[in-house]
$ cat target_15.pdb   # PDB, N, CA and C atoms, pLDDT in the B column
ATOM      1  N   PRO A  17      14.530   9.112  17.942  1.00 71.00           N
ATOM      2  CA  PRO A  17      13.588   9.601  16.927  1.00 71.00           C
ATOM      3  C   PRO A  17      12.193   9.806  17.513  1.00 71.00           C
ATOM      4  N   ALA A  18      11.478  10.749  16.966  1.00 77.00           N
ATOM      5  CA  ALA A  18      10.117  11.034  17.424  1.00 77.00           C
ATOM      6  C   ALA A  18       9.171   9.916  17.024  1.00 77.00           C
ATOM      7  N   PHE A  19       8.158   9.710  17.844  1.00 78.00           N
ATOM      8  CA  PHE A  19       7.134   8.719  17.541  1.00 78.00           C
ATOM      9  C   PHE A  19       6.327   9.189  16.333  1.00 78.00           C
ATOM     10  N   ALA A  20       6.235   8.358  15.310  1.00 77.00           N
ATOM     11  CA  ALA A  20       5.507   8.716  14.089  1.00 77.00           C
ATOM     12  C   ALA A  20       4.740   7.504  13.595  1.00 77.00           C
ATOM     13  N   PRO A  21       3.522   7.306  14.097  1.00 85.00           N
ATOM     14  CA  PRO A  21       2.747   6.128  13.685  1.00 85.00           C
ATOM     15  C   PRO A  21       2.409   6.180  12.198  1.00 85.00           C
ATOM     16  N   LEU A  22       2.327   5.014  11.589  1.00 91.00           N
ATOM     17  CA  LEU A  22       1.970   4.897  10.182  1.00 91.00           C
ATOM     18  C   LEU A  22       0.506   4.481  10.091  1.00 91.00           C
ATOM     19  N   PRO A  23      -0.332   5.298   9.461  1.00 94.00           N
ATOM     20  CA  PRO A  23      -1.736   4.900   9.310  1.00 94.00           C
ATOM     21  C   PRO A  23      -1.828   3.577   8.552  1.00 94.00           C
ATOM     22  N   ALA A  24      -2.739   2.732   8.969  1.00 95.00           N
ATOM     23  CA  ALA A  24      -2.929   1.436   8.308  1.00 95.00           C
ATOM     24  C   ALA A  24      -4.353   0.959   8.543  1.00 95.00           C
ATOM     25  N   PHE A  25      -4.832   0.126   7.618  1.00 95.00           N
ATOM     26  CA  PHE A  25      -6.114  -0.548   7.817  1.00 95.00           C
ATOM     27  C   PHE A  25      -6.108  -1.836   7.025  1.00 95.00           C
ATOM     28  N   TRP A  26      -7.021  -2.724   7.393  1.00 96.00           N
ATOM     29  CA  TRP A  26      -7.265  -3.907   6.597  1.00 96.00           C
ATOM     30  C   TRP A  26      -8.755  -4.175   6.600  1.00 96.00           C
ATOM     31  N   SER A  27      -9.202  -4.868   5.580  1.00 97.00           N
ATOM     32  CA  SER A  27     -10.612  -5.213   5.468  1.00 97.00           C
ATOM     33  C   SER A  27     -10.760  -6.396   4.530  1.00 97.00           C
ATOM     34  N   ASP A  28     -11.742  -7.214   4.787  1.00 97.00           N
ATOM     35  CA  ASP A  28     -12.111  -8.292   3.872  1.00 97.00           C
ATOM     36  C   ASP A  28     -13.407  -7.879   3.194  1.00 97.00           C
ATOM     37  N   GLN A  29     -13.371  -7.766   1.862  1.00 94.00           N
ATOM     38  CA  GLN A  29     -14.532  -7.319   1.094  1.00 94.00           C
ATOM     39  C   GLN A  29     -14.734  -8.219  -0.117  1.00 94.00           C
ATOM     40  N   LEU A  30     -15.892  -8.834  -0.225  1.00 93.00           N
ATOM     41  CA  LEU A  30     -16.258  -9.620  -1.400  1.00 93.00           C
ATOM     42  C   LEU A  30     -15.185 -10.638  -1.775  1.00 93.00           C
ATOM     43  N   GLY A  31     -14.609 -11.289  -0.772  1.00 94.00           N
ATOM     44  CA  GLY A  31     -13.596 -12.307  -1.013  1.00 94.00           C
ATOM     45  C   GLY A  31     -12.197 -11.774  -1.256  1.00 94.00           C
ATOM     46  N   LEU A  32     -12.008 -10.473  -1.118  1.00 96.00           N
ATOM     47  CA  LEU A  32     -10.693  -9.865  -1.305  1.00 96.00           C
ATOM     48  C   LEU A  32     -10.164  -9.366   0.034  1.00 96.00           C
ATOM     49  N   ARG A  33      -8.887  -9.564   0.272  1.00 96.00           N
ATOM     50  CA  ARG A  33      -8.234  -9.059   1.485  1.00 96.00           C
ATOM     51  C   ARG A  33      -7.527  -7.753   1.131  1.00 96.00           C
ATOM     52  N   LEU A  34      -7.967  -6.643   1.717  1.00 97.00           N
ATOM     53  CA  LEU A  34      -7.386  -5.331   1.456  1.00 97.00           C
ATOM     54  C   LEU A  34      -6.516  -4.919   2.641  1.00 97.00           C
ATOM     55  N   GLN A  35      -5.319  -4.417   2.353  1.00 97.00           N
ATOM     56  CA  GLN A  35      -4.411  -3.915   3.390  1.00 97.00           C
ATOM     57  C   GLN A  35      -3.816  -2.620   2.862  1.00 97.00           C
ATOM     58  N   SER A  36      -3.804  -1.580   3.689  1.00 97.00           N
ATOM     59  CA  SER A  36      -3.257  -0.291   3.272  1.00 97.00           C
ATOM     60  C   SER A  36      -2.310   0.233   4.333  1.00 97.00           C
ATOM     61  N   PHE A  37      -1.224   0.844   3.864  1.00 97.00           N
ATOM     62  CA  PHE A  37      -0.256   1.505   4.743  1.00 97.00           C
ATOM     63  C   PHE A  37      -0.036   2.911   4.229  1.00 97.00           C
ATOM     64  N   GLY A  38       0.103   3.872   5.131  1.00 95.00           N
ATOM     65  CA  GLY A  38       0.383   5.245   4.742  1.00 95.00           C
ATOM     66  C   GLY A  38      -0.885   6.044   4.513  1.00 95.00           C
ATOM     67  N   ALA A  39      -0.778   7.061   3.658  1.00 94.00           N
ATOM     68  CA  ALA A  39      -1.887   7.981   3.401  1.00 94.00           C
ATOM     69  C   ALA A  39      -2.119   8.122   1.895  1.00 94.00           C
ATOM     70  N   PRO A  40      -2.738   7.119   1.270  1.00 96.00           N
ATOM     71  CA  PRO A  40      -2.974   7.170  -0.174  1.00 96.00           C
ATOM     72  C   PRO A  40      -3.730   8.414  -0.636  1.00 96.00           C
ATOM     73  N   ALA A  41      -4.556   8.997   0.207  1.00 95.00           N
ATOM     74  CA  ALA A  41      -5.339  10.173  -0.189  1.00 95.00           C
ATOM     75  C   ALA A  41      -4.457  11.381  -0.500  1.00 95.00           C
ATOM     76  N   LEU A  42      -3.213  11.381  -0.062  1.00 94.00           N
ATOM     77  CA  LEU A  42      -2.300  12.491  -0.328  1.00 94.00           C
ATOM     78  C   LEU A  42      -1.643  12.410  -1.710  1.00 94.00           C
ATOM     79  N   ALA A  43      -1.830  11.306  -2.407  1.00 97.00           N
ATOM     80  CA  ALA A  43      -1.108  11.045  -3.654  1.00 97.00           C
ATOM     81  C   ALA A  43      -1.559  11.932  -4.807  1.00 97.00           C
ATOM     82  N   ASP A  44      -0.604  12.180  -5.697  1.00 97.00           N
ATOM     83  CA  ASP A  44      -0.942  12.832  -6.957  1.00 97.00           C
ATOM     84  C   ASP A  44      -0.756  11.881  -8.142  1.00 97.00           C
ATOM     85  N   THR A  45      -0.132  10.716  -7.908  1.00 98.00           N
ATOM     86  CA  THR A  45       0.005   9.686  -8.940  1.00 98.00           C
ATOM     87  C   THR A  45      -0.085   8.305  -8.303  1.00 98.00           C
ATOM     88  N   THR A  46      -0.382   7.315  -9.126  1.00 98.00           N
ATOM     89  CA  THR A  46      -0.413   5.925  -8.675  1.00 98.00           C
ATOM     90  C   THR A  46       0.370   5.069  -9.656  1.00 98.00           C
ATOM     91  N   GLU A  47       0.840   3.924  -9.153  1.00 98.00           N
ATOM     92  CA  GLU A  47       1.545   2.963 -10.000  1.00 98.00           C
ATOM     93  C   GLU A  47       1.230   1.558  -9.509  1.00 98.00           C
ATOM     94  N   VAL A  48       0.820   0.684 -10.413  1.00 98.00           N
ATOM     95  CA  VAL A  48       0.616  -0.720 -10.067  1.00 98.00           C
ATOM     96  C   VAL A  48       1.993  -1.369 -10.009  1.00 98.00           C
ATOM     97  N   LEU A  49       2.368  -1.867  -8.831  1.00 98.00           N
ATOM     98  CA  LEU A  49       3.681  -2.475  -8.631  1.00 98.00           C
ATOM     99  C   LEU A  49       3.681  -3.962  -8.917  1.00 98.00           C
ATOM    100  N   LYS A  50       2.557  -4.607  -8.682  1.00 97.00           N
ATOM    101  CA  LYS A  50       2.456  -6.051  -8.859  1.00 97.00           C
ATOM    102  C   LYS A  50       1.052  -6.389  -9.286  1.00 97.00           C
ATOM    103  N   GLY A  51       0.924  -7.351 -10.175  1.00 97.00           N
ATOM    104  CA  GLY A  51      -0.383  -7.849 -10.575  1.00 97.00           C
ATOM    105  C   GLY A  51      -1.108  -6.908 -11.518  1.00 97.00           C
ATOM    106  N   SER A  52      -2.421  -7.122 -11.571  1.00 96.00           N
ATOM    107  CA  SER A  52      -3.280  -6.358 -12.471  1.00 96.00           C
ATOM    108  C   SER A  52      -4.562  -5.994 -11.745  1.00 96.00           C
ATOM    109  N   LEU A  53      -5.046  -4.793 -11.990  1.00 95.00           N
ATOM    110  CA  LEU A  53      -6.318  -4.395 -11.395  1.00 95.00           C
ATOM    111  C   LEU A  53      -7.490  -5.108 -12.044  1.00 95.00           C
ATOM    112  N   ASP A  54      -7.243  -5.784 -13.155  1.00 96.00           N
ATOM    113  CA  ASP A  54      -8.275  -6.563 -13.827  1.00 96.00           C
ATOM    114  C   ASP A  54      -8.413  -7.969 -13.268  1.00 96.00           C
ATOM    115  N   ASP A  55      -7.464  -8.412 -12.428  1.00 95.00           N
ATOM    116  CA  ASP A  55      -7.501  -9.754 -11.846  1.00 95.00           C
ATOM    117  C   ASP A  55      -7.028  -9.688 -10.395  1.00 95.00           C
ATOM    118  N   LEU A  56      -7.846  -9.110  -9.537  1.00 95.00           N
ATOM    119  CA  LEU A  56      -7.467  -8.900  -8.147  1.00 95.00           C
ATOM    120  C   LEU A  56      -7.346 -10.195  -7.355  1.00 95.00           C
ATOM    121  N   ASP A  57      -8.022 -11.260  -7.798  1.00 93.00           N
ATOM    122  CA  ASP A  57      -7.910 -12.531  -7.089  1.00 93.00           C
ATOM    123  C   ASP A  57      -6.466 -13.024  -7.052  1.00 93.00           C
ATOM    124  N   GLU A  58      -5.687 -12.667  -8.062  1.00 94.00           N
ATOM    125  CA  GLU A  58      -4.281 -13.083  -8.137  1.00 94.00           C
ATOM    126  C   GLU A  58      -3.359 -12.177  -7.338  1.00 94.00           C
ATOM    127  N   GLY A  59      -3.889 -11.098  -6.801  1.00 96.00           N
ATOM    128  CA  GLY A  59      -3.107 -10.177  -5.987  1.00 96.00           C
ATOM    129  C   GLY A  59      -2.640  -8.972  -6.776  1.00 96.00           C
ATOM    130  N   ALA A  60      -2.629  -7.835  -6.104  1.00 98.00           N
ATOM    131  CA  ALA A  60      -2.149  -6.593  -6.709  1.00 98.00           C
ATOM    132  C   ALA A  60      -1.601  -5.693  -5.607  1.00 98.00           C
ATOM    133  N   ALA A  61      -0.607  -4.909  -5.986  1.00 98.00           N
ATOM    134  CA  ALA A  61      -0.027  -3.914  -5.082  1.00 98.00           C
ATOM    135  C   ALA A  61       0.047  -2.602  -5.842  1.00 98.00           C
ATOM    136  N   VAL A  62      -0.467  -1.544  -5.222  1.00 98.00           N
ATOM    137  CA  VAL A  62      -0.493  -0.229  -5.849  1.00 98.00           C
ATOM    138  C   VAL A  62       0.234   0.764  -4.942  1.00 98.00           C
ATOM    139  N   ALA A  63       1.171   1.518  -5.532  1.00 98.00           N
ATOM    140  CA  ALA A  63       1.875   2.571  -4.804  1.00 98.00           C
ATOM    141  C   ALA A  63       1.185   3.900  -5.086  1.00 98.00           C
ATOM    142  N   TYR A  64       1.043   4.698  -4.056  1.00 98.00           N
ATOM    143  CA  TYR A  64       0.478   6.043  -4.158  1.00 98.00           C
ATOM    144  C   TYR A  64       1.611   7.020  -3.881  1.00 98.00           C
ATOM    145  N   ARG A  65       1.854   7.939  -4.814  1.00 97.00           N
ATOM    146  CA  ARG A  65       3.002   8.849  -4.689  1.00 97.00           C
ATOM    147  C   ARG A  65       2.577  10.303  -4.773  1.00 97.00           C
ATOM    148  N   ARG A  66       3.334  11.120  -4.072  1.00 95.00           N
ATOM    149  CA  ARG A  66       3.163  12.576  -4.142  1.00 95.00           C
ATOM    150  C   ARG A  66       4.553  13.160  -4.341  1.00 95.00           C
ATOM    151  N   ALA A  67       4.698  13.931  -5.401  1.00 93.00           N
ATOM    152  CA  ALA A  67       5.993  14.539  -5.735  1.00 93.00           C
ATOM    153  C   ALA A  67       7.097  13.487  -5.779  1.00 93.00           C
ATOM    154  N   GLY A  68       6.763  12.295  -6.278  1.00 92.00           N
ATOM    155  CA  GLY A  68       7.743  11.228  -6.414  1.00 92.00           C
ATOM    156  C   GLY A  68       7.983  10.394  -5.169  1.00 92.00           C
ATOM    157  N   ARG A  69       7.431  10.803  -4.029  1.00 94.00           N
ATOM    158  CA  ARG A  69       7.610  10.075  -2.766  1.00 94.00           C
ATOM    159  C   ARG A  69       6.439   9.132  -2.551  1.00 94.00           C
ATOM    160  N   THR A  70       6.714   7.897  -2.152  1.00 96.00           N
ATOM    161  CA  THR A  70       5.650   6.940  -1.863  1.00 96.00           C
ATOM    162  C   THR A  70       5.004   7.313  -0.531  1.00 96.00           C
ATOM    163  N   VAL A  71       3.724   7.716  -0.593  1.00 96.00           N
ATOM    164  CA  VAL A  71       3.006   8.128   0.619  1.00 96.00           C
ATOM    165  C   VAL A  71       2.024   7.063   1.096  1.00 96.00           C
ATOM    166  N   GLY A  72       1.796   6.038   0.273  1.00 97.00           N
ATOM    167  CA  GLY A  72       0.891   4.969   0.665  1.00 97.00           C
ATOM    168  C   GLY A  72       0.981   3.794  -0.290  1.00 97.00           C
ATOM    169  N   VAL A  73       0.539   2.645   0.197  1.00 98.00           N
ATOM    170  CA  VAL A  73       0.412   1.457  -0.642  1.00 98.00           C
ATOM    171  C   VAL A  73      -0.905   0.777  -0.316  1.00 98.00           C
ATOM    172  N   LEU A  74      -1.504   0.180  -1.323  1.00 98.00           N
ATOM    173  CA  LEU A  74      -2.706  -0.625  -1.147  1.00 98.00           C
ATOM    174  C   LEU A  74      -2.397  -2.013  -1.674  1.00 98.00           C
ATOM    175  N   LEU A  75      -2.643  -3.011  -0.846  1.00 98.00           N
ATOM    176  CA  LEU A  75      -2.389  -4.403  -1.209  1.00 98.00           C
ATOM    177  C   LEU A  75      -3.716  -5.138  -1.280  1.00 98.00           C
ATOM    178  N   VAL A  76      -3.898  -5.907  -2.322  1.00 98.00           N
ATOM    179  CA  VAL A  76      -5.103  -6.719  -2.486  1.00 98.00           C
ATOM    180  C   VAL A  76      -4.667  -8.167  -2.667  1.00 98.00           C
ATOM    181  N   ASN A  77      -5.055  -9.020  -1.723  1.00 97.00           N
ATOM    182  CA  ASN A  77      -4.724 -10.444  -1.756  1.00 97.00           C
ATOM    183  C   ASN A  77      -3.227 -10.702  -1.856  1.00 97.00           C
ATOM    184  N   ILE A  78      -2.425  -9.858  -1.230  1.00 97.00           N
ATOM    185  CA  ILE A  78      -0.982 -10.064  -1.146  1.00 97.00           C
ATOM    186  C   ILE A  78      -0.710 -10.835   0.150  1.00 97.00           C
ATOM    187  N   PRO A  79       0.112 -11.895   0.102  1.00 95.00           N
ATOM    188  CA  PRO A  79       0.387 -12.670   1.317  1.00 95.00           C
ATOM    189  C   PRO A  79       1.004 -11.810   2.424  1.00 95.00           C
ATOM    190  N   VAL A  80       0.650 -12.113   3.648  1.00 94.00           N
ATOM    191  CA  VAL A  80       1.157 -11.371   4.808  1.00 94.00           C
ATOM    192  C   VAL A  80       2.685 -11.373   4.817  1.00 94.00           C
ATOM    193  N   SER A  81       3.298 -12.420   4.338  1.00 95.00           N
ATOM    194  CA  SER A  81       4.759 -12.507   4.320  1.00 95.00           C
ATOM    195  C   SER A  81       5.397 -11.419   3.468  1.00 95.00           C
ATOM    196  N   ARG A  82       4.663 -10.771   2.587  1.00 95.00           N
ATOM    197  CA  ARG A  82       5.183  -9.706   1.717  1.00 95.00           C
ATOM    198  C   ARG A  82       4.810  -8.304   2.207  1.00 95.00           C
ATOM    199  N   HIS A  83       3.956  -8.191   3.210  1.00 95.00           N
ATOM    200  CA  HIS A  83       3.485  -6.887   3.676  1.00 95.00           C
ATOM    201  C   HIS A  83       4.635  -5.979   4.108  1.00 95.00           C
ATOM    202  N   ALA A  84       5.605  -6.502   4.828  1.00 94.00           N
ATOM    203  CA  ALA A  84       6.711  -5.671   5.317  1.00 94.00           C
ATOM    204  C   ALA A  84       7.485  -5.039   4.158  1.00 94.00           C
ATOM    205  N   ASP A  85       7.633  -5.771   3.061  1.00 95.00           N
ATOM    206  CA  ASP A  85       8.339  -5.224   1.899  1.00 95.00           C
ATOM    207  C   ASP A  85       7.628  -3.984   1.365  1.00 95.00           C
ATOM    208  N   TYR A  86       6.325  -4.059   1.240  1.00 96.00           N
ATOM    209  CA  TYR A  86       5.554  -2.925   0.707  1.00 96.00           C
ATOM    210  C   TYR A  86       5.427  -1.801   1.731  1.00 96.00           C
ATOM    211  N   ARG A  87       5.275  -2.161   2.993  1.00 95.00           N
ATOM    212  CA  ARG A  87       5.200  -1.144   4.054  1.00 95.00           C
ATOM    213  C   ARG A  87       6.478  -0.310   4.089  1.00 95.00           C
ATOM    214  N   SER A  88       7.617  -0.957   3.871  1.00 94.00           N
ATOM    215  CA  SER A  88       8.896  -0.239   3.921  1.00 94.00           C
ATOM    216  C   SER A  88       9.024   0.787   2.794  1.00 94.00           C
ATOM    217  N   LEU A  89       8.277   0.631   1.707  1.00 95.00           N
ATOM    218  CA  LEU A  89       8.291   1.640   0.647  1.00 95.00           C
ATOM    219  C   LEU A  89       7.798   2.987   1.184  1.00 95.00           C
ATOM    220  N   VAL A  90       6.891   2.928   2.150  1.00 94.00           N
ATOM    221  CA  VAL A  90       6.345   4.156   2.747  1.00 94.00           C
ATOM    222  C   VAL A  90       7.261   4.645   3.871  1.00 94.00           C
ATOM    223  N   THR A  91       7.691   3.734   4.730  1.00 90.00           N
ATOM    224  CA  THR A  91       8.451   4.156   5.908  1.00 90.00           C
ATOM    225  C   THR A  91       9.869   4.613   5.586  1.00 90.00           C
ATOM    226  N   THR A  92      10.436   4.182   4.465  1.00 88.00           N
ATOM    227  CA  THR A  92      11.809   4.578   4.136  1.00 88.00           C
ATOM    228  C   THR A  92      11.854   5.694   3.096  1.00 88.00           C
ATOM    229  N   ALA A  93      10.707   6.162   2.625  1.00 79.00           N
ATOM    230  CA  ALA A  93      10.676   7.249   1.638  1.00 79.00           C
ATOM    231  C   ALA A  93      11.106   8.552   2.289  1.00 79.00           C
ATOM    232  N   PRO A  94      11.780   9.413   1.530  1.00 76.00           N
ATOM    233  CA  PRO A  94      12.160  10.717   2.102  1.00 76.00           C
ATOM    234  C   PRO A  94      10.941  11.537   2.487  1.00 76.00           C
ATOM    235  N   ALA A  95      11.114  12.425   3.428  1.00 74.00           N
ATOM    236  CA  ALA A  95      10.012  13.262   3.904  1.00 74.00           C
ATOM    237  C   ALA A  95       9.561  14.234   2.819  1.00 74.00           C
ATOM    238  N   LEU A  96       8.262  14.544   2.840  1.00 66.00           N
ATOM    239  CA  LEU A  96       7.742  15.574   1.933  1.00 66.00           C
ATOM    240  C   LEU A  96       8.249  16.932   2.393  1.00 66.00           C
ATOM    241  N   VAL A  97       8.571  17.778   1.453  1.00 59.00           N
ATOM    242  CA  VAL A  97       9.069  19.123   1.795  1.00 59.00           C
ATOM    243  C   VAL A  97       7.933  20.104   1.743  1.00 59.00           C
TER     244      VAL A  97
END
$ encode --input "target_15.pdb" --output "structure tokens"
Amino acid sequence: PAFAPLPAFWSDQLGLRLQSFGAPALADTTEVLKGSLDDLDEGAAVAYRRAGRTVGVLLVNIPVSRHADYRSLVTTAPALV
């Protein structure tokens, strides 16, 4: 298979740990998968989708042990046509 790096970043901001995989800027819809955007201290996961395909995820205060689960939503999604 061809080399295809997955864009990612992390940052600590105002006591929150942010982790992103994929390209959320390409999305046309979003869905909160876990938690609430009103209580980020408890953790939240947001999927970013384009034409039904998950193109990115943003994790806020999600334990590192769960990152691979959310990352795989992007890496196993079918290719955009």
$ resolve_selection --input "target_15.pdb" --expression "the PyMOL selection byres ((chain A and resi 59) around 7)" --output "list in words"
Lys50, Gly51, Ser52, Asp55, Leu56, Asp57, Glu58, Ala60, Ala61, Leu75, Val76, Asn77 and Ile78 of chain A
$ select_by_dssp --input "target_15.pdb" --residues "region 17-87 of chain A" --states "alpha helix (DSSP H)" --output "JSON, numbers by chain"
{"A": [80, 81, 82, 83, 84, 85, 86, 87]}
$ residues_around --input "target_15.pdb" --residues "region 31-38 of chain A" --least-positions-apart "4" --cutoff "6 Å" --atoms "only C-alpha atoms" --output "PyMOL selection string"
chain A and resi 22-27+71-77
$ closest_residue --input "target_15.pdb" --among "A:Asp85, A:Asp54, A:Glu47, A:Asp28" --to "Arg66 (chain A)" --atoms "only C-alpha atoms"
A:Glu47
$ resolve_selection --input "target_15.pdb" --expression "the PyMOL selection byres (((chain A and resi 67 and name CA) around 10) and name CA)" --output "list in words"
Ala43, Asp44, Thr45, Arg65, Arg66, Gly68, Arg69, Thr70, Val71, Leu96 and Val97 of chain A
$ atom_distance --input "target_15.pdb" --atom1 "CA of Phe19 (chain A)" --atom2 "CA of Val62 (chain A)"
26.2 Å
$ atom_distance --input "target_15.pdb" --atom1 "atom N of Thr46 (chain A)" --atom2 "CA of Val80 (chain A)"
23.4 Å
$ atom_distance --input "target_15.pdb" --atom1 "CA of Val90 (chain A)" --atom2 "CA of Pro17 (chain A)"
16.8 Å
$ axis_aligned_box --input "target_15.pdb" --around "region 52-67 of chain A" --padding-each-side "8 Å" --output "JSON"
{"center_x": -0.7, "center_y": 0.7, "center_z": -8.9, "size_x": 31.5, "size_y": 43.6, "size_z": 25.9}
